[in-house]
$ cat entry.txt   # compact mmCIF, N, CA and C atoms
# COMPACT_ATOMS: atom_id res chain seq x y z
N MET A 239 58.86 116.76 -173.15
CA MET A 239 59.84 116.04 -173.93
C MET A 239 60.37 114.88 -173.09
N THR A 240 60.42 113.69 -173.66
CA THR A 240 60.91 112.51 -172.98
C THR A 240 62.40 112.35 -173.25
N GLN A 241 63.15 112.14 -172.18
CA GLN A 241 64.58 111.96 -172.34
C GLN A 241 64.87 110.48 -172.49
N LEU A 242 65.65 110.14 -173.49
CA LEU A 242 66.01 108.75 -173.74
C LEU A 242 67.18 108.34 -172.86
N ALA A 243 67.19 107.09 -172.50
CA ALA A 243 68.28 106.56 -171.70
C ALA A 243 69.57 106.58 -172.50
N ASN A 244 70.66 106.78 -171.81
CA ASN A 244 71.96 106.75 -172.45
C ASN A 244 72.25 105.33 -172.91
N PRO A 245 72.42 105.09 -174.23
CA PRO A 245 72.64 103.72 -174.73
C PRO A 245 73.85 103.05 -174.11
N SER A 246 74.86 103.82 -173.74
CA SER A 246 76.07 103.20 -173.17
C SER A 246 75.83 102.69 -171.76
N SER A 247 74.74 103.12 -171.10
CA SER A 247 74.48 102.67 -169.73
C SER A 247 73.56 101.46 -169.66
N ARG A 248 73.09 100.99 -170.79
CA ARG A 248 72.14 99.86 -170.77
C ARG A 248 72.72 98.57 -170.22
N ASN A 249 73.99 98.33 -170.46
CA ASN A 249 74.61 97.08 -170.03
C ASN A 249 75.31 97.20 -168.68
N GLN A 250 75.21 98.35 -168.04
CA GLN A 250 75.87 98.55 -166.76
C GLN A 250 74.86 98.34 -165.63
N PRO A 251 75.24 97.56 -164.62
CA PRO A 251 74.32 97.35 -163.51
C PRO A 251 74.12 98.65 -162.73
N THR A 252 72.95 98.81 -162.16
CA THR A 252 72.63 99.97 -161.36
C THR A 252 73.10 99.73 -159.94
N ASN A 253 73.81 100.70 -159.37
CA ASN A 253 74.25 100.60 -157.99
C ASN A 253 73.15 101.18 -157.11
N ARG A 254 72.47 100.33 -156.36
CA ARG A 254 71.36 100.76 -155.52
C ARG A 254 71.81 101.04 -154.08
N ARG A 255 73.08 100.95 -153.80
CA ARG A 255 73.55 101.14 -152.44
C ARG A 255 73.56 102.62 -152.07
N ALA A 256 73.18 102.89 -150.84
CA ALA A 256 73.17 104.26 -150.35
C ALA A 256 74.56 104.69 -149.88
N PHE A 257 75.42 103.72 -149.52
CA PHE A 257 76.73 104.03 -148.96
C PHE A 257 77.81 103.25 -149.72
N GLU A 258 78.94 103.88 -149.89
CA GLU A 258 80.06 103.24 -150.57
C GLU A 258 80.64 102.13 -149.68
N ARG A 259 80.93 100.99 -150.31
CA ARG A 259 81.50 99.85 -149.57
C ARG A 259 83.01 99.83 -149.70
N PHE A 260 83.66 99.31 -148.66
CA PHE A 260 85.11 99.19 -148.64
C PHE A 260 85.49 97.76 -148.29
N ALA A 261 86.42 97.20 -149.06
CA ALA A 261 86.91 95.84 -148.82
C ALA A 261 87.81 95.85 -147.59
N LEU A 262 87.69 94.82 -146.79
CA LEU A 262 88.50 94.67 -145.58
C LEU A 262 89.42 93.47 -145.74
N PRO A 263 90.59 93.50 -145.12
CA PRO A 263 91.47 92.33 -145.17
C PRO A 263 90.83 91.18 -144.38
N THR A 264 90.32 90.19 -145.08
CA THR A 264 89.47 89.14 -144.50
C THR A 264 90.07 88.47 -143.27
N ALA A 265 91.25 87.97 -143.38
CA ALA A 265 91.83 87.23 -142.26
C ALA A 265 92.22 88.16 -141.11
N TYR A 266 92.18 89.46 -141.34
CA TYR A 266 92.64 90.41 -140.33
C TYR A 266 91.53 91.31 -139.79
N THR A 267 90.29 90.97 -140.09
CA THR A 267 89.17 91.78 -139.62
C THR A 267 88.19 90.91 -138.84
N PRO A 268 88.56 90.56 -137.62
CA PRO A 268 87.68 89.72 -136.81
C PRO A 268 86.45 90.48 -136.34
N MET A 269 85.38 89.75 -136.18
CA MET A 269 84.17 90.34 -135.65
C MET A 269 83.44 89.31 -134.81
N SER A 270 82.62 89.79 -133.91
CA SER A 270 81.79 88.94 -133.06
C SER A 270 80.34 89.35 -133.25
N VAL A 271 79.47 88.37 -133.14
CA VAL A 271 78.04 88.60 -133.34
C VAL A 271 77.28 87.94 -132.19
N ARG A 272 76.19 88.59 -131.79
CA ARG A 272 75.29 87.96 -130.82
C ARG A 272 73.86 88.24 -131.24
N LEU A 273 73.01 87.29 -130.99
CA LEU A 273 71.58 87.52 -131.17
C LEU A 273 71.15 88.51 -130.10
N LEU A 274 70.18 89.35 -130.38
CA LEU A 274 69.75 90.33 -129.39
C LEU A 274 69.12 89.68 -128.17
N SER A 275 68.71 88.43 -128.30
CA SER A 275 68.13 87.72 -127.16
C SER A 275 69.20 87.19 -126.21
N LYS A 276 70.48 87.31 -126.58
CA LYS A 276 71.58 86.83 -125.74
C LYS A 276 72.36 88.01 -125.19
N THR A 277 73.18 87.72 -124.17
CA THR A 277 73.96 88.79 -123.54
C THR A 277 75.44 88.74 -123.90
N THR A 278 75.88 87.66 -124.55
CA THR A 278 77.30 87.54 -124.90
C THR A 278 77.49 87.39 -126.40
N PHE A 279 78.61 87.90 -126.89
CA PHE A 279 79.00 87.75 -128.29
C PHE A 279 79.62 86.37 -128.45
N ASP A 280 78.80 85.39 -128.83
CA ASP A 280 79.26 84.01 -128.85
C ASP A 280 79.53 83.47 -130.26
N LEU A 281 79.33 84.28 -131.28
CA LEU A 281 79.62 83.86 -132.65
C LEU A 281 80.79 84.67 -133.17
N GLU A 282 81.82 83.98 -133.67
CA GLU A 282 83.03 84.65 -134.16
C GLU A 282 83.17 84.45 -135.65
N GLY A 283 83.62 85.49 -136.34
CA GLY A 283 83.80 85.39 -137.78
C GLY A 283 84.75 86.46 -138.29
N HIS A 284 84.69 86.68 -139.61
CA HIS A 284 85.54 87.66 -140.29
C HIS A 284 84.70 88.50 -141.23
N ALA A 285 85.02 89.78 -141.29
CA ALA A 285 84.32 90.70 -142.19
C ALA A 285 85.00 90.74 -143.55
N TYR A 286 84.21 90.91 -144.60
CA TYR A 286 84.72 91.03 -145.97
C TYR A 286 84.69 92.47 -146.46
N ASP A 287 83.57 93.14 -146.24
CA ASP A 287 83.50 94.55 -146.62
C ASP A 287 82.51 95.26 -145.71
N ILE A 288 82.61 96.59 -145.70
CA ILE A 288 81.80 97.39 -144.78
C ILE A 288 81.47 98.73 -145.41
N SER A 289 80.37 99.29 -144.96
CA SER A 289 79.99 100.65 -145.32
C SER A 289 79.34 101.26 -144.08
N GLU A 290 78.97 102.50 -144.19
CA GLU A 290 78.26 103.14 -143.10
C GLU A 290 76.92 102.45 -142.85
N GLY A 291 76.40 101.77 -143.86
CA GLY A 291 75.08 101.15 -143.75
C GLY A 291 75.05 99.68 -143.41
N GLY A 292 76.20 98.99 -143.45
CA GLY A 292 76.16 97.56 -143.16
C GLY A 292 77.49 96.88 -143.36
N ILE A 293 77.48 95.55 -143.23
CA ILE A 293 78.70 94.76 -143.30
C ILE A 293 78.41 93.39 -143.89
N ARG A 294 79.35 92.88 -144.69
CA ARG A 294 79.28 91.52 -145.24
C ARG A 294 80.37 90.72 -144.54
N PHE A 295 80.02 89.51 -144.08
CA PHE A 295 80.92 88.74 -143.23
C PHE A 295 80.63 87.25 -143.35
N GLU A 296 81.42 86.46 -142.62
CA GLU A 296 81.16 85.01 -142.56
C GLU A 296 81.25 84.54 -141.11
N LEU A 297 80.43 83.54 -140.84
CA LEU A 297 80.42 82.85 -139.54
C LEU A 297 80.34 81.36 -139.81
N ASP A 298 80.75 80.56 -138.83
CA ASP A 298 80.62 79.11 -138.98
C ASP A 298 79.16 78.68 -138.94
N GLU A 299 78.32 79.43 -138.22
CA GLU A 299 76.90 79.10 -138.11
C GLU A 299 76.08 80.16 -138.84
N PRO A 300 75.16 79.75 -139.70
CA PRO A 300 74.32 80.74 -140.39
C PRO A 300 73.29 81.35 -139.44
N ILE A 301 72.96 82.59 -139.70
CA ILE A 301 71.90 83.28 -138.98
C ILE A 301 70.80 83.58 -140.00
N PRO A 302 69.58 83.18 -139.75
CA PRO A 302 68.51 83.38 -140.73
C PRO A 302 68.30 84.85 -141.08
N ALA A 303 67.98 85.11 -142.34
CA ALA A 303 67.66 86.46 -142.78
C ALA A 303 66.50 86.99 -141.95
N GLY A 304 66.56 88.26 -141.60
CA GLY A 304 65.53 88.89 -140.79
C GLY A 304 65.85 88.91 -139.31
N THR A 305 66.87 88.17 -138.89
CA THR A 305 67.24 88.11 -137.48
C THR A 305 67.94 89.41 -137.05
N SER A 306 67.55 89.93 -135.90
CA SER A 306 68.22 91.12 -135.35
C SER A 306 69.41 90.68 -134.51
N VAL A 307 70.55 91.36 -134.73
CA VAL A 307 71.78 90.99 -134.06
C VAL A 307 72.54 92.24 -133.63
N ALA A 308 73.53 92.02 -132.77
CA ALA A 308 74.51 93.05 -132.42
C ALA A 308 75.86 92.57 -132.93
N VAL A 309 76.70 93.49 -133.38
CA VAL A 309 78.03 93.14 -133.87
C VAL A 309 79.09 93.96 -133.16
N LYS A 310 80.23 93.34 -133.02
CA LYS A 310 81.43 94.00 -132.47
C LYS A 310 82.51 93.81 -133.52
N LEU A 311 83.03 94.90 -134.04
CA LEU A 311 83.98 94.85 -135.14
C LEU A 311 85.31 95.46 -134.72
N GLU A 312 86.39 94.73 -135.01
CA GLU A 312 87.74 95.20 -134.73
C GLU A 312 88.42 95.53 -136.06
N LEU A 313 88.32 96.78 -136.49
CA LEU A 313 88.95 97.17 -137.75
C LEU A 313 90.46 97.22 -137.60
N PRO A 314 91.20 96.72 -138.62
CA PRO A 314 92.67 96.82 -138.55
C PRO A 314 93.09 98.27 -138.41
N GLY A 315 93.97 98.53 -137.46
CA GLY A 315 94.48 99.88 -137.25
C GLY A 315 93.63 100.72 -136.33
N LEU A 316 92.43 100.28 -135.99
CA LEU A 316 91.54 101.09 -135.15
C LEU A 316 92.11 101.26 -133.74
N ALA A 317 92.70 100.21 -133.20
CA ALA A 317 93.26 100.31 -131.85
C ALA A 317 94.37 101.36 -131.81
N ASP A 318 95.15 101.47 -132.89
CA ASP A 318 96.22 102.46 -132.93
C ASP A 318 95.67 103.87 -132.95
N ASP A 319 94.54 104.07 -133.65
CA ASP A 319 94.00 105.41 -133.84
C ASP A 319 93.05 105.84 -132.74
N ALA A 320 92.40 104.92 -132.07
CA ALA A 320 91.34 105.32 -131.14
C ALA A 320 91.53 104.76 -129.74
N GLY A 321 92.73 104.35 -129.41
CA GLY A 321 92.97 103.80 -128.09
C GLY A 321 92.91 102.29 -128.12
N PRO A 322 93.61 101.63 -127.22
CA PRO A 322 93.66 100.16 -127.23
C PRO A 322 92.30 99.54 -126.99
N GLY A 323 92.01 98.52 -127.75
CA GLY A 323 90.79 97.75 -127.55
C GLY A 323 89.53 98.43 -127.99
N ARG A 324 89.62 99.50 -128.77
CA ARG A 324 88.42 100.21 -129.20
C ARG A 324 87.79 99.48 -130.37
N ALA A 325 86.64 98.93 -130.16
CA ALA A 325 85.88 98.26 -131.21
C ALA A 325 84.69 99.13 -131.58
N ILE A 326 84.08 98.80 -132.71
CA ILE A 326 82.86 99.47 -133.14
C ILE A 326 81.70 98.52 -132.86
N PHE A 327 80.67 99.01 -132.20
CA PHE A 327 79.49 98.23 -131.87
C PHE A 327 78.29 98.78 -132.62
N ALA A 328 77.50 97.88 -133.20
CA ALA A 328 76.28 98.29 -133.91
C ALA A 328 75.25 97.18 -133.80
N THR A 329 74.00 97.54 -134.02
CA THR A 329 72.95 96.55 -134.16
C THR A 329 72.44 96.61 -135.59
N GLY A 330 71.80 95.52 -136.01
CA GLY A 330 71.27 95.49 -137.36
C GLY A 330 70.47 94.23 -137.59
N ASN A 331 70.05 94.08 -138.84
CA ASN A 331 69.26 92.91 -139.24
C ASN A 331 69.99 92.18 -140.35
N VAL A 332 69.99 90.86 -140.27
CA VAL A 332 70.57 90.05 -141.34
C VAL A 332 69.67 90.23 -142.56
N VAL A 333 70.26 90.69 -143.67
CA VAL A 333 69.47 90.96 -144.86
C VAL A 333 69.61 89.89 -145.92
N TRP A 334 70.70 89.13 -145.91
CA TRP A 334 70.83 87.99 -146.82
C TRP A 334 71.86 87.03 -146.30
N ILE A 335 71.73 85.79 -146.74
CA ILE A 335 72.68 84.74 -146.39
C ILE A 335 72.92 83.89 -147.62
N ASP A 336 74.19 83.57 -147.85
CA ASP A 336 74.56 82.69 -148.95
C ASP A 336 74.85 81.33 -148.33
N ASP A 337 73.85 80.48 -148.35
CA ASP A 337 74.00 79.16 -147.72
C ASP A 337 74.18 78.05 -148.74
N GLU A 338 74.60 78.42 -149.96
CA GLU A 338 74.77 77.43 -151.02
C GLU A 338 75.81 76.36 -150.66
N ASP A 339 76.94 76.76 -150.11
CA ASP A 339 78.02 75.82 -149.78
C ASP A 339 78.18 75.66 -148.28
N ILE A 340 77.11 75.77 -147.55
CA ILE A 340 77.18 75.78 -146.09
C ILE A 340 77.69 74.46 -145.50
N ASP A 341 77.52 73.36 -146.23
CA ASP A 341 77.97 72.06 -145.72
C ASP A 341 79.48 71.92 -145.77
N ILE A 342 80.16 72.75 -146.56
CA ILE A 342 81.61 72.60 -146.71
C ILE A 342 82.39 73.80 -146.18
N GLY A 343 81.73 74.77 -145.60
CA GLY A 343 82.45 75.93 -145.09
C GLY A 343 81.55 76.91 -144.39
N PRO A 344 82.13 78.04 -144.01
CA PRO A 344 81.35 79.04 -143.29
C PRO A 344 80.25 79.65 -144.14
N ALA A 345 79.27 80.23 -143.47
CA ALA A 345 78.15 80.89 -144.15
C ALA A 345 78.48 82.37 -144.30
N ARG A 346 78.30 82.89 -145.51
CA ARG A 346 78.48 84.32 -145.76
C ARG A 346 77.11 84.98 -145.66
N MET A 347 77.09 86.16 -145.05
CA MET A 347 75.84 86.88 -144.88
C MET A 347 76.13 88.37 -144.77
N ALA A 348 75.07 89.16 -144.72
CA ALA A 348 75.21 90.60 -144.60
C ALA A 348 74.19 91.15 -143.62
N ILE A 349 74.60 92.20 -142.94
CA ILE A 349 73.75 92.90 -141.98
C ILE A 349 73.59 94.34 -142.44
N ALA A 350 72.37 94.84 -142.38
CA ALA A 350 72.11 96.27 -142.56
C ALA A 350 72.06 96.87 -141.17
N PHE A 351 72.92 97.86 -140.90
CA PHE A 351 72.95 98.48 -139.58
C PHE A 351 71.66 99.26 -139.33
N THR A 352 71.17 99.17 -138.09
CA THR A 352 70.02 99.98 -137.68
C THR A 352 70.43 101.04 -136.68
N MET A 353 71.57 100.81 -135.97
CA MET A 353 72.00 101.76 -134.96
C MET A 353 73.45 101.48 -134.57
N PHE A 354 74.21 102.52 -134.35
CA PHE A 354 75.53 102.39 -133.72
C PHE A 354 75.30 102.50 -132.22
N CYS A 355 75.94 101.65 -131.44
CA CYS A 355 75.56 101.48 -130.04
C CYS A 355 76.15 102.49 -129.07
N ARG A 356 77.36 102.96 -129.31
CA ARG A 356 77.99 103.87 -128.36
C ARG A 356 78.29 105.20 -129.03
N ALA A 357 78.37 106.22 -128.23
CA ALA A 357 78.76 107.53 -128.75
C ALA A 357 80.12 107.40 -129.42
N GLY A 358 80.22 107.85 -130.63
CA GLY A 358 81.50 107.83 -131.34
C GLY A 358 81.72 106.63 -132.23
N ASP A 359 80.90 105.58 -132.14
CA ASP A 359 81.11 104.39 -132.98
C ASP A 359 80.99 104.72 -134.47
N ARG A 360 79.94 105.42 -134.85
CA ARG A 360 79.75 105.79 -136.26
C ARG A 360 80.89 106.69 -136.73
N GLU A 361 81.27 107.65 -135.92
CA GLU A 361 82.32 108.58 -136.29
C GLU A 361 83.66 107.87 -136.45
N ARG A 362 83.96 106.90 -135.55
CA ARG A 362 85.21 106.13 -135.68
C ARG A 362 85.22 105.31 -136.96
N LEU A 363 84.07 104.72 -137.30
CA LEU A 363 83.98 103.96 -138.54
C LEU A 363 84.22 104.88 -139.73
N LEU A 364 83.53 106.00 -139.78
CA LEU A 364 83.68 106.92 -140.91
C LEU A 364 85.10 107.46 -141.00
N ALA A 365 85.73 107.72 -139.87
CA ALA A 365 87.12 108.20 -139.87
C ALA A 365 88.05 107.14 -140.47
N GLN A 366 87.82 105.88 -140.11
CA GLN A 366 88.66 104.81 -140.66
C GLN A 366 88.46 104.68 -142.16
N LEU A 367 87.20 104.74 -142.61
CA LEU A 367 86.92 104.60 -144.04
C LEU A 367 87.46 105.79 -144.81
N GLY A 368 87.49 106.96 -144.19
CA GLY A 368 87.97 108.16 -144.85
C GLY A 368 89.48 108.27 -144.97
N GLN A 369 90.22 107.40 -144.30
CA GLN A 369 91.68 107.46 -144.33
C GLN A 369 92.28 106.78 -145.55
N GLN A 370 91.44 106.29 -146.45
CA GLN A 370 91.87 105.60 -147.67
C GLN A 370 92.79 104.42 -147.35
N ARG A 371 92.52 103.79 -146.23
CA ARG A 371 93.27 102.60 -145.80
C ARG A 371 92.73 101.34 -146.47
N TYR A 372 91.45 101.40 -146.90
CA TYR A 372 90.78 100.25 -147.49
C TYR A 372 90.41 100.56 -148.93
N LEU A 373 90.41 99.53 -149.77
CA LEU A 373 90.01 99.68 -151.16
C LEU A 373 88.50 99.72 -151.28
N ARG A 374 88.02 100.43 -152.27
CA ARG A 374 86.58 100.45 -152.53
C ARG A 374 86.16 99.08 -153.07
N ALA A 375 85.05 98.58 -152.56
CA ALA A 375 84.55 97.28 -153.00
C ALA A 375 83.61 97.48 -154.18
N ALA A 376 83.55 96.47 -155.03
CA ALA A 376 82.67 96.54 -156.21
C ALA A 376 81.24 96.41 -155.83
$ encode --input "entry.txt" --output "structure tokens"
Amino acid sequence: MTQLANPSSRNQPTNRRAFERFALPTAYTPMSVRLLSKTTFDLEGHAYDISEGGIRFELDEPIPAGTSVAVKLELPGLADDAGPGRAIFATGNVVWIDDEDIDIGPARMAIAFTMFCRAGDRERLLAQLGQQRYLRAA
């Protein structure tokens, strides 16, 4: 027997994300990025939303899709909960870039995480997201 699709779901987009995203306070969520070929975090920007699987952010300089990078993220309130200066470090690949308005402002892009760099980074991120401090992103 073939099951028919629910007619009410035809006009709803399918959520293909594996992890729930959370909106971050843009002006208050600084992050640093470095190409894996470099040793210093020389690109500064702001995060828009995050999940266990990745992050959407902006930088003044675009990074081409497919580039492997390391990120350092300072979540609001994280220093209070996990000790002063505790950032989350991860590596990942740039999966998309919105360069439509790049001549008039920062480039928005997203990274899919491939690894959390230090013991406890993933757990600190999940603990922050689990505190209902951030709104769920669409």
$ residues_near_point --input "entry.txt" --point "(69.0, 90.1, -143.8)" --cutoff "8 Å" --atoms "only C-alpha atoms" --output "JSON, numbers by chain"
{"A": [302, 303, 304, 305, 331, 332, 333, 334, 335, 347, 348, 349, 350]}
$ atom_distance --input "entry.txt" --atom1 "CA of Gly330 in chain A" --atom2 "atom C of Glu290 in chain A"
10.5 Å
$ atom_distance --input "entry.txt" --atom1 "CA of Arg324 in chain A" --atom2 "CA of Gly358 in chain A"
10.5 Å
$ atom_distance --input "entry.txt" --atom1 "CA of Pro268 in chain A" --atom2 "CA of Arg346 in chain A"
13.9 Å
$ closest_residue --input "entry.txt" --among "A:Ile326, A:Thr277, A:Phe351, A:Tyr286" --to "Glu312 in chain A" --atoms "only C-alpha atoms"
A:Ile326
$ select_by_dssp --input "entry.txt" --residues "range 250-332 of chain A" --states "helix (DSSP H, G or I)" --output "list in words"
Thr264, Ala265, Tyr266, Leu316, Ala317, Asp318, Asp319 and Ala320 of chain A
$ residues_around --input "entry.txt" --residues "Leu281 in chain A" --least-positions-apart "3" --cutoff "6.5 Å" --atoms "only N, CA and C atoms" --output "PyMOL selection string"
chain A and resi 269-272+278
$ write_last_selection --input "entry.txt" --atoms "N, CA and C atoms" --output "PDB file, in the coordinates of the input"
ATOM      1  N   MET A 269      85.380  89.750-136.180  1.00  0.00           N
ATOM      2  CA  MET A 269      84.170  90.340-135.650  1.00  0.00           C
ATOM      3  C   MET A 269      83.440  89.310-134.810  1.00  0.00           C
ATOM      4  N   SER A 270      82.620  89.790-133.910  1.00  0.00           N
ATOM      5  CA  SER A 270      81.790  88.940-133.060  1.00  0.00           C
ATOM      6  C   SER A 270      80.340  89.350-133.250  1.00  0.00           C
ATOM      7  N   VAL A 271      79.470  88.370-133.140  1.00  0.00           N
ATOM      8  CA  VAL A 271      78.040  88.600-133.340  1.00  0.00           C
ATOM      9  C   VAL A 271      77.280  87.940-132.190  1.00  0.00           C
ATOM     10  N   ARG A 272      76.190  88.590-131.790  1.00  0.00           N
ATOM     11  CA  ARG A 272      75.290  87.960-130.820  1.00  0.00           C
ATOM     12  C   ARG A 272      73.860  88.240-131.240  1.00  0.00           C
ATOM     13  N   THR A 278      75.880  87.660-124.550  1.00  0.00           N
ATOM     14  CA  THR A 278      77.300  87.540-124.900  1.00  0.00           C
ATOM     15  C   THR A 278      77.490  87.390-126.400  1.00  0.00           C
TER      16      THR A 278
END
$ residues_around --input "entry.txt" --residues "Pro263 in chain A" --least-positions-apart "3" --cutoff "8 Å" --atoms "only N, CA and C atoms" --output "PyMOL selection string"
chain A and resi 260+266-268+284-287+314+372-373
$ write_last_selection --input "entry.txt" --atoms "N, CA and C atoms" --output "short mmCIF file (atom, residue, chain, number, x, y, z; two decimals), in the coordinates of the input"
data_model
loop_
_atom_site.label_atom_id
_atom_site.label_comp_id
_atom_site.auth_asym_id
_atom_site.auth_seq_id
_atom_site.Cartn_x
_atom_site.Cartn_y
_atom_site.Cartn_z
N PHE A 260 83.66 99.31 -148.66
CA PHE A 260 85.11 99.19 -148.64
C PHE A 260 85.49 97.76 -148.29
N TYR A 266 92.18 89.46 -141.34
CA TYR A 266 92.64 90.41 -140.33
C TYR A 266 91.53 91.31 -139.79
N THR A 267 90.29 90.97 -140.09
CA THR A 267 89.17 91.78 -139.62
C THR A 267 88.19 90.91 -138.84
N PRO A 268 88.56 90.56 -137.62
CA PRO A 268 87.68 89.72 -136.81
C PRO A 268 86.45 90.48 -136.34
N HIS A 284 84.69 86.68 -139.61
CA HIS A 284 85.54 87.66 -140.29
C HIS A 284 84.70 88.50 -141.23
N ALA A 285 85.02 89.78 -141.29
CA ALA A 285 84.32 90.70 -142.19
C ALA A 285 85.00 90.74 -143.55
N TYR A 286 84.21 90.91 -144.60
CA TYR A 286 84.72 91.03 -145.97
C TYR A 286 84.69 92.47 -146.46
N ASP A 287 83.57 93.14 -146.24
CA ASP A 287 83.50 94.55 -146.62
C ASP A 287 82.51 95.26 -145.71
N PRO A 314 91.20 96.72 -138.62
CA PRO A 314 92.67 96.82 -138.55
C PRO A 314 93.09 98.27 -138.41
N TYR A 372 91.45 101.40 -146.90
CA TYR A 372 90.78 100.25 -147.49
C TYR A 372 90.41 100.56 -148.93
N LEU A 373 90.41 99.53 -149.77
CA LEU A 373 90.01 99.68 -151.16
C LEU A 373 88.50 99.72 -151.28
#
$ closest_residue --input "entry.txt" --among "A:Ala308, A:Ala328, A:Ile342, A:Leu274" --to "Asp359 in chain A" --atoms "only C-alpha atoms"
A:Ala328
